[in-house]
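A quick write-up on the structure given underneath.
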Amino acid sequence: MRVYVPLTLPALAGAHKAGELGPGPLTGYAVTPELREWYASDDIEELEYAALGRAAAASLRLLAGDPDAPRRRVVVAVELPDGAVVPHAGGASGAGADADAESADFVGAVRIERAVALRLAAALHVDADEARAEVAAAVGGAGDVEGVELLWFGVQELPNLI
């Protein structure tokens with residue numbers, strides 16, 4: 001199963017140093033039955049792209065919680081056995097519009113109980129350096145990165161990214 005794990009650049013540097021994403025549990029995004037229903041498509045490429053987009057949005061939320069992190073979204077695509085993930089319980093605890101929005105943040109979310117060896121990474125997806133201003137505006141709530149595509153990098157390019 002392809003799982004998209006949202007990170008920040010400092011977290012990616014830490015994963016590179018440790019040789020793993022973690023410690024667990026980690027939240028990732030994948031093509032789940034919930035995502036299939038939410039996205040209403042049978043095209044696996046479209047569904048994978050939707051899962052990547054959900055992880056990119058989660059990376060943006062991580063950036064909001066780390067004011068010192070460079071304003072670039074990071075997603076690591078990893079290949080895991082189906083049994084290595086469980087559906088994520090979501091984050092909503094209340095009712096109303098805020099709870100609905102928070103629950104929507106977890107569509108396609110999965111929980112990875114243990115650290116993931118970096119050797120299981122299939123690809124890295126990172127914002128271009130030129131996207132920093134747009135990402136910073138989105139983190140601050142004054143912008144939108146909906147049209148900003150993440151760049152694809154091979155795992156061997158990780159040292160150059162950090």
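Going through the structure tokens in order, the chains are called A, B, and so on, while each chain numbers its residues from 1 and the ligands are numbered from 1 in the order shown.
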
Which of stretch 18-155 of chain A fall in alpha helix (DSSP H), as number ranges by chain: A: 18, 33-39, 44-64, 97-104, 132-139

Serialized selection, C-alpha atoms, as a JSON list (two decimals), in the first residue's frame:
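Wrote out01.json, looks like this:
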[["chain", "number", "residue", "atom", "x", "y", "z"],
["A", 18, "ALA", "CA", 17.79, 8.51, 12.04],
["A", 33, "PRO", "CA", -12.53, 3.11, 1.30],
["A", 34, "GLU", "CA", -13.39, 6.44, 2.97],
["A", 35, "LEU", "CA", -11.25, 8.35, 0.45],
["A", 36, "ARG", "CA", -12.80, 6.42, -2.46],
["A", 37, "GLU", "CA", -16.27, 7.40, -1.25],
["A", 38, "TRP", "CA", -15.28, 11.02, -0.57],
["A", 39, "TYR", "CA", -13.50, 11.46, -3.92],
["A", 44, "ILE", "CA", -6.37, 4.74, -8.96],
["A", 45, "GLU", "CA", -4.06, 7.50, -10.23],
["A", 46, "GLU", "CA", -6.65, 10.14, -9.33],
["A", 47, "LEU", "CA", -7.15, 8.53, -5.92],
["A", 48, "GLU", "CA", -3.39, 8.41, -5.25],
["A", 49, "TYR", "CA", -3.17, 12.07, -6.24],
["A", 50, "ALA", "CA", -6.03, 12.86, -3.85],
["A", 51, "ALA", "CA", -4.22, 11.03, -1.01],
["A", 52, "LEU", "CA", -1.05, 13.00, -1.82],
["A", 53, "GLY", "CA", -3.09, 16.21, -1.70],
["A", 54, "ARG", "CA", -4.51, 15.28, 1.70],
["A", 55, "ALA", "CA", -0.96, 14.68, 2.98],
["A", 56, "ALA", "CA", 0.19, 18.01, 1.53],
["A", 57, "ALA", "CA", -2.64, 19.75, 3.43],
["A", 58, "ALA", "CA", -1.54, 17.96, 6.60],
["A", 59, "SER", "CA", 2.04, 19.14, 5.99],
["A", 60, "LEU", "CA", 0.68, 22.69, 5.83],
["A", 61, "ARG", "CA", -0.94, 22.15, 9.25],
["A", 62, "LEU", "CA", 2.42, 20.87, 10.58],
["A", 63, "LEU", "CA", 4.08, 24.04, 9.28],
["A", 64, "ALA", "CA", 1.51, 26.13, 11.16],
["A", 97, "ALA", "CA", -18.83, 23.20, 11.70],
["A", 98, "ASP", "CA", -15.37, 23.11, 13.31],
["A", 99, "ALA", "CA", -15.74, 19.42, 14.12],
["A", 100, "ASP", "CA", -16.94, 18.71, 10.57],
["A", 101, "ALA", "CA", -13.94, 20.56, 9.11],
["A", 102, "GLU", "CA", -11.55, 18.76, 11.44],
["A", 103, "SER", "CA", -13.08, 15.38, 10.55],
["A", 104, "ALA", "CA", -12.69, 16.21, 6.86],
["A", 132, "ARG", "CA", 7.79, 29.64, -0.08],
["A", 133, "ALA", "CA", 5.86, 32.93, -0.14],
["A", 134, "GLU", "CA", 2.61, 31.23, -1.22],
["A", 135, "VAL", "CA", 3.05, 28.50, 1.39],
["A", 136, "ALA", "CA", 3.83, 31.07, 4.09],
["A", 137, "ALA", "CA", 0.68, 33.00, 3.16],
["A", 138, "ALA", "CA", -1.38, 29.80, 3.32],
["A", 139, "VAL", "CA", 0.09, 28.90, 6.72]]

Within 12 Å of stretch 156-160 of chain A using only C-alpha atoms, minus same-chain residues under 2 positions, as number ranges by chain: A: 9, 12-17, 19, 74-76, 118-119, 121-126, 152-154, 162

Give me every strand (DSSP E) residue in chain A, going by DSSP on the backbone, as a tab-separated table (two decimals) with C-alpha atoms, in the first residue's frame.
chain	number	residue	atom	x	y	z
A	2	ARG	CA	1.32	3.44	-0.91
A	3	VAL	CA	1.09	5.77	2.09
A	4	TYR	CA	1.84	9.49	1.98
A	5	VAL	CA	3.41	10.78	5.19
A	6	PRO	CA	3.32	14.57	5.78
A	7	LEU	CA	6.42	16.20	7.24
A	20	GLU	CA	13.52	6.23	9.65
A	21	LEU	CA	10.29	8.17	9.85
A	26	LEU	CA	2.52	8.35	12.49
A	27	THR	CA	-0.37	9.72	10.48
A	28	GLY	CA	-0.29	9.07	6.76
A	29	TYR	CA	-2.77	9.26	3.91
A	74	VAL	CA	6.98	17.85	2.45
A	75	VAL	CA	5.38	14.48	1.80
A	76	VAL	CA	7.22	11.15	1.82
A	77	ALA	CA	5.60	8.34	-0.18
A	78	VAL	CA	6.30	4.95	1.40
A	79	GLU	CA	5.36	1.42	0.41
A	85	VAL	CA	-1.67	0.64	8.80
A	86	VAL	CA	-5.02	1.03	10.49
A	87	PRO	CA	-7.74	3.60	9.79
A	109	ALA	CA	-5.92	9.16	6.96
A	110	VAL	CA	-4.25	6.03	8.27
A	111	ARG	CA	-2.26	5.38	11.41
A	112	ILE	CA	1.16	3.77	11.20
A	116	VAL	CA	9.07	3.38	9.06
A	117	ALA	CA	12.54	2.61	7.72
A	121	ALA	CA	10.41	5.43	0.81
A	122	ALA	CA	9.45	5.40	-2.84
A	123	ALA	CA	9.57	9.16	-3.51
A	124	LEU	CA	9.68	12.59	-1.94
A	125	HIS	CA	7.26	15.40	-2.78
A	126	VAL	CA	8.38	18.91	-1.79
A	151	LEU	CA	7.75	18.60	-7.02
A	152	TRP	CA	8.75	14.93	-7.25
A	153	PHE	CA	12.19	13.87	-6.05
